[in-house]
$ cat entry15.pdb   # PDB, C-alpha atoms
ATOM      1  CA  MET A   4     -50.281  15.339  12.297  1.00  0.00           C
ATOM      2  CA  THR A   5     -47.629  13.165  10.684  1.00  0.00           C
ATOM      3  CA  ALA A   6     -49.654  12.829   7.498  1.00  0.00           C
ATOM      4  CA  LEU A   7     -50.147  16.613   7.400  1.00  0.00           C
ATOM      5  CA  LEU A   8     -46.386  17.250   7.748  1.00  0.00           C
ATOM      6  CA  GLN A   9     -45.647  14.749   5.023  1.00  0.00           C
ATOM      7  CA  ALA A  10     -48.170  16.448   2.741  1.00  0.00           C
ATOM      8  CA  ARG A  11     -46.611  19.847   3.395  1.00  0.00           C
ATOM      9  CA  ARG A  12     -43.123  18.504   2.684  1.00  0.00           C
ATOM     10  CA  ALA A  13     -44.306  16.947  -0.538  1.00  0.00           C
ATOM     11  CA  LEU A  14     -45.929  20.235  -1.566  1.00  0.00           C
ATOM     12  CA  LEU A  15     -42.758  22.216  -0.800  1.00  0.00           C
ATOM     13  CA  LEU A  16     -40.642  19.698  -2.698  1.00  0.00           C
ATOM     14  CA  GLY A  17     -42.931  19.957  -5.677  1.00  0.00           C
ATOM     15  CA  LEU A  18     -42.789  23.728  -5.647  1.00  0.00           C
ATOM     16  CA  ALA A  19     -38.981  23.672  -5.414  1.00  0.00           C
ATOM     17  CA  CYS A  20     -38.714  21.291  -8.368  1.00  0.00           C
ATOM     18  CA  SER A  21     -41.141  23.389 -10.383  1.00  0.00           C
ATOM     19  CA  LEU A  22     -39.151  26.550  -9.630  1.00  0.00           C
ATOM     20  CA  ALA A  23     -35.921  24.850 -10.648  1.00  0.00           C
ATOM     21  CA  PHE A  24     -37.371  23.734 -13.976  1.00  0.00           C
ATOM     22  CA  THR A  25     -38.800  27.208 -14.563  1.00  0.00           C
ATOM     23  CA  LEU A  26     -35.434  28.891 -13.951  1.00  0.00           C
ATOM     24  CA  ALA A  27     -33.680  26.387 -16.183  1.00  0.00           C
ATOM     25  CA  GLY A  28     -36.134  27.173 -18.945  1.00  0.00           C
ATOM     26  CA  CYS A  29     -35.667  30.926 -18.512  1.00  0.00           C
ATOM     27  CA  PHE A  30     -31.879  30.979 -18.486  1.00  0.00           C
ATOM     28  CA  GLY A  31     -31.198  27.910 -20.616  1.00  0.00           C
ATOM     29  CA  SER A  32     -28.215  25.642 -20.213  1.00  0.00           C
ATOM     30  CA  ALA A  33     -24.750  27.171 -19.740  1.00  0.00           C
ATOM     31  CA  PRO A  34     -22.784  27.555 -22.988  1.00  0.00           C
ATOM     32  CA  PRO A  35     -19.948  25.059 -23.411  1.00  0.00           C
ATOM     33  CA  VAL A  36     -16.511  26.217 -22.310  1.00  0.00           C
ATOM     34  CA  PRO A  37     -14.322  26.872 -25.383  1.00  0.00           C
ATOM     35  CA  LYS A  38     -11.660  24.264 -26.043  1.00  0.00           C
ATOM     36  CA  GLU A  39      -8.125  25.389 -25.323  1.00  0.00           C
ATOM     37  CA  GLN A  40      -5.941  25.556 -28.434  1.00  0.00           C
ATOM     38  CA  TYR A  41      -2.148  25.419 -28.663  1.00  0.00           C
ATOM     39  CA  PHE A  42      -0.123  26.750 -31.590  1.00  0.00           C
ATOM     40  CA  ARG A  43       3.486  26.804 -32.704  1.00  0.00           C
ATOM     41  CA  LEU A  44       5.443  28.568 -35.416  1.00  0.00           C
ATOM     42  CA  ILE A  45       7.583  26.281 -37.566  1.00  0.00           C
ATOM     43  CA  SER A  46      10.559  27.399 -39.631  1.00  0.00           C
ATOM     44  CA  SER A  47      11.115  26.229 -43.180  1.00  0.00           C
ATOM     45  CA  ASN A  48      13.266  23.107 -43.613  1.00  0.00           C
ATOM     46  CA  ASP A  49      14.305  24.003 -47.181  1.00  0.00           C
ATOM     47  CA  ALA A  50      16.115  27.253 -46.432  1.00  0.00           C
ATOM     48  CA  ALA A  51      18.536  28.482 -49.075  1.00  0.00           C
ATOM     49  CA  ALA A  52      22.173  27.892 -48.134  1.00  0.00           C
ATOM     50  CA  VAL A  53      24.065  30.918 -46.804  1.00  0.00           C
ATOM     51  CA  SER A  54      26.459  32.192 -49.466  1.00  0.00           C
ATOM     52  CA  ASN A  55      29.287  32.916 -47.004  1.00  0.00           C
ATOM     53  CA  PRO A  56      29.182  30.447 -44.081  1.00  0.00           C
ATOM     54  CA  LEU A  57      30.778  31.165 -40.731  1.00  0.00           C
ATOM     55  CA  ASP A  58      33.931  29.386 -39.601  1.00  0.00           C
ATOM     56  CA  GLY A  59      32.845  28.573 -36.055  1.00  0.00           C
ATOM     57  CA  THR A  60      30.022  27.404 -33.841  1.00  0.00           C
ATOM     58  CA  VAL A  61      27.048  29.722 -33.311  1.00  0.00           C
ATOM     59  CA  GLU A  62      25.085  29.762 -30.058  1.00  0.00           C
ATOM     60  CA  ILE A  63      21.647  31.309 -29.670  1.00  0.00           C
ATOM     61  CA  PRO A  64      20.021  32.151 -26.318  1.00  0.00           C
ATOM     62  CA  PRO A  65      16.251  32.612 -25.938  1.00  0.00           C
ATOM     63  CA  PHE A  66      15.071  35.869 -27.484  1.00  0.00           C
ATOM     64  CA  GLN A  67      14.435  38.904 -25.319  1.00  0.00           C
ATOM     65  CA  ALA A  68      10.846  40.064 -24.930  1.00  0.00           C
ATOM     66  CA  GLU A  69       9.203  42.573 -22.631  1.00  0.00           C
ATOM     67  CA  GLY A  70       5.842  42.238 -20.894  1.00  0.00           C
ATOM     68  CA  VAL A  71       3.091  40.402 -22.753  1.00  0.00           C
ATOM     69  CA  MET A  72       5.392  39.789 -25.746  1.00  0.00           C
ATOM     70  CA  GLY A  73       7.021  36.977 -23.801  1.00  0.00           C
ATOM     71  CA  GLU A  74       3.848  35.319 -22.541  1.00  0.00           C
ATOM     72  CA  ARG A  75       2.100  32.302 -24.027  1.00  0.00           C
ATOM     73  CA  PRO A  76      -1.407  33.687 -24.793  1.00  0.00           C
ATOM     74  CA  LEU A  77      -1.732  34.797 -28.414  1.00  0.00           C
ATOM     75  CA  LEU A  78      -2.028  38.545 -28.928  1.00  0.00           C
ATOM     76  CA  PHE A  79      -4.326  40.526 -31.192  1.00  0.00           C
ATOM     77  CA  THR A  80      -4.883  44.175 -32.029  1.00  0.00           C
ATOM     78  CA  LYS A  81      -7.727  46.078 -33.624  1.00  0.00           C
ATOM     79  CA  ASP A  82      -6.001  49.430 -34.056  1.00  0.00           C
ATOM     80  CA  GLY A  83      -2.699  48.684 -35.727  1.00  0.00           C
ATOM     81  CA  GLY A  84      -0.824  47.788 -32.569  1.00  0.00           C
ATOM     82  CA  MET A  85      -1.667  50.673 -30.239  1.00  0.00           C
ATOM     83  CA  LYS A  86      -3.655  48.354 -27.988  1.00  0.00           C
ATOM     84  CA  LEU A  87      -2.823  44.682 -27.502  1.00  0.00           C
ATOM     85  CA  GLU A  88      -5.136  42.080 -26.006  1.00  0.00           C
ATOM     86  CA  GLN A  89      -4.564  38.451 -25.100  1.00  0.00           C
ATOM     87  CA  ARG A  90      -6.676  35.691 -26.603  1.00  0.00           C
ATOM     88  CA  ASN A  91      -8.620  33.471 -24.222  1.00  0.00           C
ATOM     89  CA  TYR A  92      -8.103  29.730 -24.683  1.00  0.00           C
ATOM     90  CA  ALA A  93      -5.408  30.229 -27.396  1.00  0.00           C
ATOM     91  CA  TYR A  94      -1.766  29.716 -26.422  1.00  0.00           C
ATOM     92  CA  TRP A  95       1.664  29.156 -27.924  1.00  0.00           C
ATOM     93  CA  THR A  96       3.071  25.724 -27.118  1.00  0.00           C
ATOM     94  CA  ASP A  97       6.119  27.435 -25.580  1.00  0.00           C
ATOM     95  CA  PRO A  98       6.858  30.999 -24.499  1.00  0.00           C
ATOM     96  CA  PRO A  99       7.716  33.016 -27.643  1.00  0.00           C
ATOM     97  CA  PRO A 100      11.352  33.752 -26.588  1.00  0.00           C
ATOM     98  CA  ALA A 101      12.138  30.031 -26.518  1.00  0.00           C
ATOM     99  CA  MET A 102       9.894  29.075 -29.438  1.00  0.00           C
ATOM    100  CA  LEU A 103      11.358  31.615 -31.866  1.00  0.00           C
ATOM    101  CA  ARG A 104      14.925  30.863 -30.753  1.00  0.00           C
ATOM    102  CA  ASP A 105      14.430  27.146 -31.393  1.00  0.00           C
ATOM    103  CA  GLN A 106      12.970  27.826 -34.838  1.00  0.00           C
ATOM    104  CA  LEU A 107      15.870  30.132 -35.742  1.00  0.00           C
ATOM    105  CA  ILE A 108      18.306  27.386 -34.763  1.00  0.00           C
ATOM    106  CA  ALA A 109      16.483  24.944 -37.033  1.00  0.00           C
ATOM    107  CA  TYR A 110      16.415  27.472 -39.894  1.00  0.00           C
ATOM    108  CA  LEU A 111      20.106  28.414 -39.684  1.00  0.00           C
ATOM    109  CA  ARG A 112      21.075  24.754 -39.510  1.00  0.00           C
ATOM    110  CA  ALA A 113      19.083  24.116 -42.685  1.00  0.00           C
ATOM    111  CA  ALA A 114      20.763  27.159 -44.252  1.00  0.00           C
ATOM    112  CA  LYS A 115      24.190  25.740 -43.313  1.00  0.00           C
ATOM    113  CA  LEU A 116      25.251  28.981 -41.647  1.00  0.00           C
ATOM    114  CA  ALA A 117      27.962  27.337 -39.548  1.00  0.00           C
ATOM    115  CA  PRO A 118      29.451  23.939 -38.643  1.00  0.00           C
ATOM    116  CA  GLN A 119      27.157  23.949 -35.604  1.00  0.00           C
ATOM    117  CA  VAL A 120      24.236  26.103 -34.492  1.00  0.00           C
ATOM    118  CA  VAL A 121      23.257  25.285 -30.913  1.00  0.00           C
ATOM    119  CA  PRO A 122      21.191  26.618 -27.992  1.00  0.00           C
ATOM    120  CA  SER A 123      23.250  28.600 -25.504  1.00  0.00           C
ATOM    121  CA  GLU A 124      22.255  26.224 -22.712  1.00  0.00           C
ATOM    122  CA  LEU A 125      24.745  23.677 -24.062  1.00  0.00           C
ATOM    123  CA  ARG A 126      27.569  26.024 -22.983  1.00  0.00           C
ATOM    124  CA  VAL A 127      29.939  24.913 -25.741  1.00  0.00           C
ATOM    125  CA  GLY A 128      32.913  26.952 -26.930  1.00  0.00           C
ATOM    126  CA  ALA A 129      30.987  28.970 -29.510  1.00  0.00           C
ATOM    127  CA  LYS A 130      32.738  31.619 -31.590  1.00  0.00           C
ATOM    128  CA  TYR A 131      29.556  33.522 -32.441  1.00  0.00           C
ATOM    129  CA  ARG A 132      26.282  34.390 -30.735  1.00  0.00           C
ATOM    130  CA  VAL A 133      22.965  35.475 -32.242  1.00  0.00           C
ATOM    131  CA  GLU A 134      20.883  37.824 -30.104  1.00  0.00           C
ATOM    132  CA  GLY A 135      17.179  38.213 -30.848  1.00  0.00           C
ATOM    133  CA  ARG A 136      14.459  40.500 -29.547  1.00  0.00           C
ATOM    134  CA  ILE A 137      10.715  40.185 -30.144  1.00  0.00           C
ATOM    135  CA  LYS A 138       9.084  43.532 -30.891  1.00  0.00           C
ATOM    136  CA  ARG A 139       5.744  42.444 -32.395  1.00  0.00           C
ATOM    137  CA  LEU A 140       3.958  39.100 -32.680  1.00  0.00           C
ATOM    138  CA  GLU A 141       0.229  39.664 -33.097  1.00  0.00           C
ATOM    139  CA  GLN A 142      -2.910  39.087 -35.101  1.00  0.00           C
ATOM    140  CA  ASN A 143      -4.484  42.085 -36.833  1.00  0.00           C
ATOM    141  CA  ASP A 144      -8.143  41.707 -35.972  1.00  0.00           C
ATOM    142  CA  GLY A 145      -9.259  44.992 -37.493  1.00  0.00           C
ATOM    143  CA  ALA A 146     -10.875  45.785 -40.827  1.00  0.00           C
ATOM    144  CA  LYS A 147      -8.195  43.797 -42.660  1.00  0.00           C
ATOM    145  CA  ASN A 148      -7.253  40.270 -41.599  1.00  0.00           C
ATOM    146  CA  GLY A 149      -3.546  39.751 -41.134  1.00  0.00           C
ATOM    147  CA  ALA A 150      -0.642  39.432 -38.741  1.00  0.00           C
ATOM    148  CA  VAL A 151       2.541  41.314 -37.894  1.00  0.00           C
ATOM    149  CA  ILE A 152       5.870  39.996 -36.668  1.00  0.00           C
ATOM    150  CA  ALA A 153       8.878  42.193 -35.914  1.00  0.00           C
ATOM    151  CA  LEU A 154      12.284  41.032 -34.643  1.00  0.00           C
ATOM    152  CA  ASP A 155      15.676  42.591 -33.913  1.00  0.00           C
ATOM    153  CA  LEU A 156      18.459  40.149 -34.785  1.00  0.00           C
ATOM    154  CA  ALA A 157      22.237  40.486 -34.440  1.00  0.00           C
ATOM    155  CA  LEU A 158      25.255  38.255 -34.980  1.00  0.00           C
ATOM    156  CA  ILE A 159      28.036  38.917 -32.464  1.00  0.00           C
ATOM    157  CA  ASP A 160      31.676  37.784 -32.633  1.00  0.00           C
ATOM    158  CA  LYS A 161      32.359  36.573 -29.101  1.00  0.00           C
ATOM    159  CA  THR A 162      36.142  36.822 -29.425  1.00  0.00           C
ATOM    160  CA  SER A 163      35.985  40.598 -29.912  1.00  0.00           C
ATOM    161  CA  ASP A 164      32.461  41.213 -28.567  1.00  0.00           C
ATOM    162  CA  SER A 165      31.699  43.085 -31.792  1.00  0.00           C
ATOM    163  CA  ILE A 166      28.593  43.086 -33.982  1.00  0.00           C
ATOM    164  CA  VAL A 167      29.167  41.288 -37.267  1.00  0.00           C
ATOM    165  CA  ALA A 168      25.708  41.962 -38.707  1.00  0.00           C
ATOM    166  CA  SER A 169      22.418  43.221 -37.336  1.00  0.00           C
ATOM    167  CA  GLY A 170      19.032  44.418 -38.467  1.00  0.00           C
ATOM    168  CA  SER A 171      15.449  45.174 -37.541  1.00  0.00           C
ATOM    169  CA  TYR A 172      12.973  43.100 -39.492  1.00  0.00           C
ATOM    170  CA  GLU A 173       9.208  43.567 -39.684  1.00  0.00           C
ATOM    171  CA  VAL A 174       6.740  41.745 -41.914  1.00  0.00           C
ATOM    172  CA  ALA A 175       2.991  42.321 -42.142  1.00  0.00           C
ATOM    173  CA  THR A 176       1.242  39.406 -43.836  1.00  0.00           C
ATOM    174  CA  ASP A 177      -2.342  39.132 -45.035  1.00  0.00           C
ATOM    175  CA  ALA A 178      -4.386  36.294 -43.557  1.00  0.00           C
ATOM    176  CA  SER A 179      -6.803  34.161 -45.558  1.00  0.00           C
ATOM    177  CA  GLY A 180      -9.541  34.684 -42.965  1.00  0.00           C
ATOM    178  CA  PRO A 181     -10.411  36.062 -39.524  1.00  0.00           C
ATOM    179  CA  ASN A 182      -9.741  32.895 -37.529  1.00  0.00           C
ATOM    180  CA  ILE A 183      -6.820  32.361 -35.174  1.00  0.00           C
ATOM    181  CA  ASP A 184      -5.572  29.535 -37.405  1.00  0.00           C
ATOM    182  CA  ASP A 185      -5.414  31.965 -40.322  1.00  0.00           C
ATOM    183  CA  ALA A 186      -3.424  34.446 -38.232  1.00  0.00           C
ATOM    184  CA  VAL A 187      -0.940  31.780 -37.139  1.00  0.00           C
ATOM    185  CA  HIS A 188      -0.368  30.749 -40.768  1.00  0.00           C
ATOM    186  CA  ALA A 189       0.263  34.420 -41.606  1.00  0.00           C
ATOM    187  CA  LEU A 190       2.677  34.799 -38.691  1.00  0.00           C
ATOM    188  CA  ASN A 191       4.512  31.674 -39.784  1.00  0.00           C
ATOM    189  CA  ALA A 192       4.918  33.061 -43.294  1.00  0.00           C
ATOM    190  CA  GLY A 193       6.248  36.311 -41.831  1.00  0.00           C
ATOM    191  CA  LEU A 194       8.656  34.444 -39.556  1.00  0.00           C
ATOM    192  CA  ASN A 195      10.194  32.530 -42.438  1.00  0.00           C
ATOM    193  CA  GLU A 196      10.486  35.707 -44.498  1.00  0.00           C
ATOM    194  CA  ILE A 197      12.398  37.385 -41.668  1.00  0.00           C
ATOM    195  CA  PHE A 198      14.668  34.388 -41.159  1.00  0.00           C
ATOM    196  CA  ALA A 199      15.437  34.313 -44.898  1.00  0.00           C
ATOM    197  CA  LYS A 200      16.317  38.030 -44.884  1.00  0.00           C
ATOM    198  CA  PHE A 201      18.543  37.606 -41.823  1.00  0.00           C
ATOM    199  CA  ALA A 202      20.359  34.596 -43.310  1.00  0.00           C
ATOM    200  CA  ALA A 203      20.899  36.543 -46.555  1.00  0.00           C
ATOM    201  CA  ASP A 204      22.305  39.495 -44.593  1.00  0.00           C
ATOM    202  CA  LEU A 205      24.684  37.159 -42.777  1.00  0.00           C
ATOM    203  CA  GLY A 206      25.890  35.803 -46.111  1.00  0.00           C
ATOM    204  CA  GLN A 207      26.582  39.349 -47.332  1.00  0.00           C
ATOM    205  CA  ARG A 208      28.388  40.510 -44.211  1.00  0.00           C
ATOM    206  CA  GLY A 209      31.534  42.554 -44.753  1.00  0.00           C
TER     207      GLY A 209
END

$ encode --input "entry15.pdb" --output "structure tokens"
Amino acid sequence: MTALLQARRALLLGLACSLAFTLAGCFGSAPPVPKEQYFRLISSNDAAAVSNPLDGTVEIPPFQAEGVMGERPLLFTKDGGMKLEQRNYAYWTDPPPAMLRDQLIAYLRAAKLAPQVVPSELRVGAKYRVEGRIKRLEQNDGAKNGAVIALDLALIDKTSDSIVASGSYEVATDASGPNIDDAVHALNAGLNEIFAKFAADLGQRG
């Protein structure tokens, strides 16, 4: 009886192993999980000097952004911006409100806008404040490869709480290819174009 039970167990084990190999052959091995990627936008370090610098410290808080515009997954659209989707496994290194603010600080410092340009978290006695709002920051994944970035930017005199200069800036840039890396390069080019326009507007303020 013992030998018969052992034979049956061996037969069942063999059948189970055979079934497992058969299923593995039918379905194949699971595809590898995509590698997570992290991106950042970097402002130019050779910005042209502002023609009419400010006479006091400028503070900049994180930009405002609503909904998915403030989240770390990269965004793409296939219909010109009517529908936005988040990329899987592709993220900004920091939330866009903080990332873009930090890059604007670096750009305006390079442009010598003011004696000091600092993040608002330092809570220094700043005379001016720059407010920013992210309106678009996305890859165009439609028929034409590209990217769009749109920002509202304003310089405010804190002593009078009045707007010194403001503008809405939008740049659509062609990408060299369909990849996420290509879109990030296009967004970076658009970012620096917007920063240059804003710095020029500040230099021409009335």

$ closest_residue --input "entry15.pdb" --among "A:Asp105, A:Glu173, A:Glu196, A:Glu69" --to "Val151 (chain A)" --atoms "only C-alpha atoms"
A:Glu173

$ closest_residue --input "entry15.pdb" --among "A:Gly128, A:Gly83, A:Gly135, A:Pro118" --to "Phe66 (chain A)" --atoms "only C-alpha atoms"
A:Gly135

$ closest_residue --input "entry15.pdb" --among "A:Ser169, A:Gln40, A:Ser179, A:Asn195" --to "Thr96 (chain A)" --atoms "all atoms listed in the file"
A:Gln40

$ resolve_selection --input "entry15.pdb" --expression "the PyMOL selection byres ((chain A and resi 137) around 12)" --output "PyMOL selection string"
chain A and resi 65-74+98-104+134-136+138-141+151-156+171-173+194+197

$ atom_distance --input "entry15.pdb" --atom1 "CA of Val167 (chain A)" --atom2 "CA of Ser46 (chain A)"
23.3 Å

$ atom_distance --input "entry15.pdb" --atom1 "CA of Pro64 (chain A)" --atom2 "CA of Ser123 (chain A)"
4.9 Å

$ atom_distance --input "entry15.pdb" --atom1 "CA of Ser165 (chain A)" --atom2 "CA of Tyr131 (chain A)"
9.8 Å

$ residues_around --input "entry15.pdb" --residues "region 49-53 of chain A" --least-positions-apart "4" --cutoff "8 Å" --atoms "all atoms listed in the file" --output "list in words"
Tyr110, Leu111, Ala113, Ala114, Lys115, Leu116, Ala199, Ala202, Ala203, Leu205 and Gly206 of chain A

$ resolve_selection --input "entry15.pdb" --expression "the PyMOL selection byres ((chain A and resi 42) around 12)" --output "MDAnalysis selection string"
chainID A and resid 39:41 43:45 75:77 92:99 102 183:188 190:191

$ residues_around --input "entry15.pdb" --residues "Ile166 (chain A)" --least-positions-apart "4" --cutoff "12 Å" --atoms "only C-alpha atoms" --output "PDB file with C-alpha atoms, keeping the file's coordinate frame"
ATOM      1  CA  TYR A 131      29.556  33.522 -32.441  1.00  0.00           C
ATOM      2  CA  ARG A 132      26.282  34.390 -30.735  1.00  0.00           C
ATOM      3  CA  VAL A 133      22.965  35.475 -32.242  1.00  0.00           C
ATOM      4  CA  GLU A 134      20.883  37.824 -30.104  1.00  0.00           C
ATOM      5  CA  LEU A 156      18.459  40.149 -34.785  1.00  0.00           C
ATOM      6  CA  ALA A 157      22.237  40.486 -34.440  1.00  0.00           C
ATOM      7  CA  LEU A 158      25.255  38.255 -34.980  1.00  0.00           C
ATOM      8  CA  ILE A 159      28.036  38.917 -32.464  1.00  0.00           C
ATOM      9  CA  ASP A 160      31.676  37.784 -32.633  1.00  0.00           C
ATOM     10  CA  LYS A 161      32.359  36.573 -29.101  1.00  0.00           C
ATOM     11  CA  THR A 162      36.142  36.822 -29.425  1.00  0.00           C
ATOM     12  CA  GLY A 170      19.032  44.418 -38.467  1.00  0.00           C
ATOM     13  CA  LEU A 205      24.684  37.159 -42.777  1.00  0.00           C
ATOM     14  CA  ARG A 208      28.388  40.510 -44.211  1.00  0.00           C
ATOM     15  CA  GLY A 209      31.534  42.554 -44.753  1.00  0.00           C
TER      16      GLY A 209
END

$ resolve_selection --input "entry15.pdb" --expression "the PyMOL selection byres ((chain A and resi 148) around 9)" --output "ChimeraX atom specification"
/A:142-147,149-150,176-182,185-186

$ closest_residue --input "entry15.pdb" --among "A:Ala175, A:Ile63, A:Val36, A:Leu57" --to "Val121 (chain A)" --atoms "only C-alpha atoms"
A:Ile63

$ residues_near_point --input "entry15.pdb" --point "(-2.4, 44.3, -28.7)" --cutoff "7 Å" --atoms "all atoms listed in the file" --output "PyMOL selection string"
chain A and resi 78-80+84-88+141

$ closest_residue --input "entry15.pdb" --among "A:Pro37, A:Ser47, A:Ala129, A:Gly193" --to "Ala117 (chain A)" --atoms "only C-alpha atoms"
A:Ala129

$ closest_residue --input "entry15.pdb" --among "A:Asp204, A:Glu124, A:Asp82, A:Glu62" --to "Ala168 (chain A)" --atoms "only C-alpha atoms"
A:Asp204
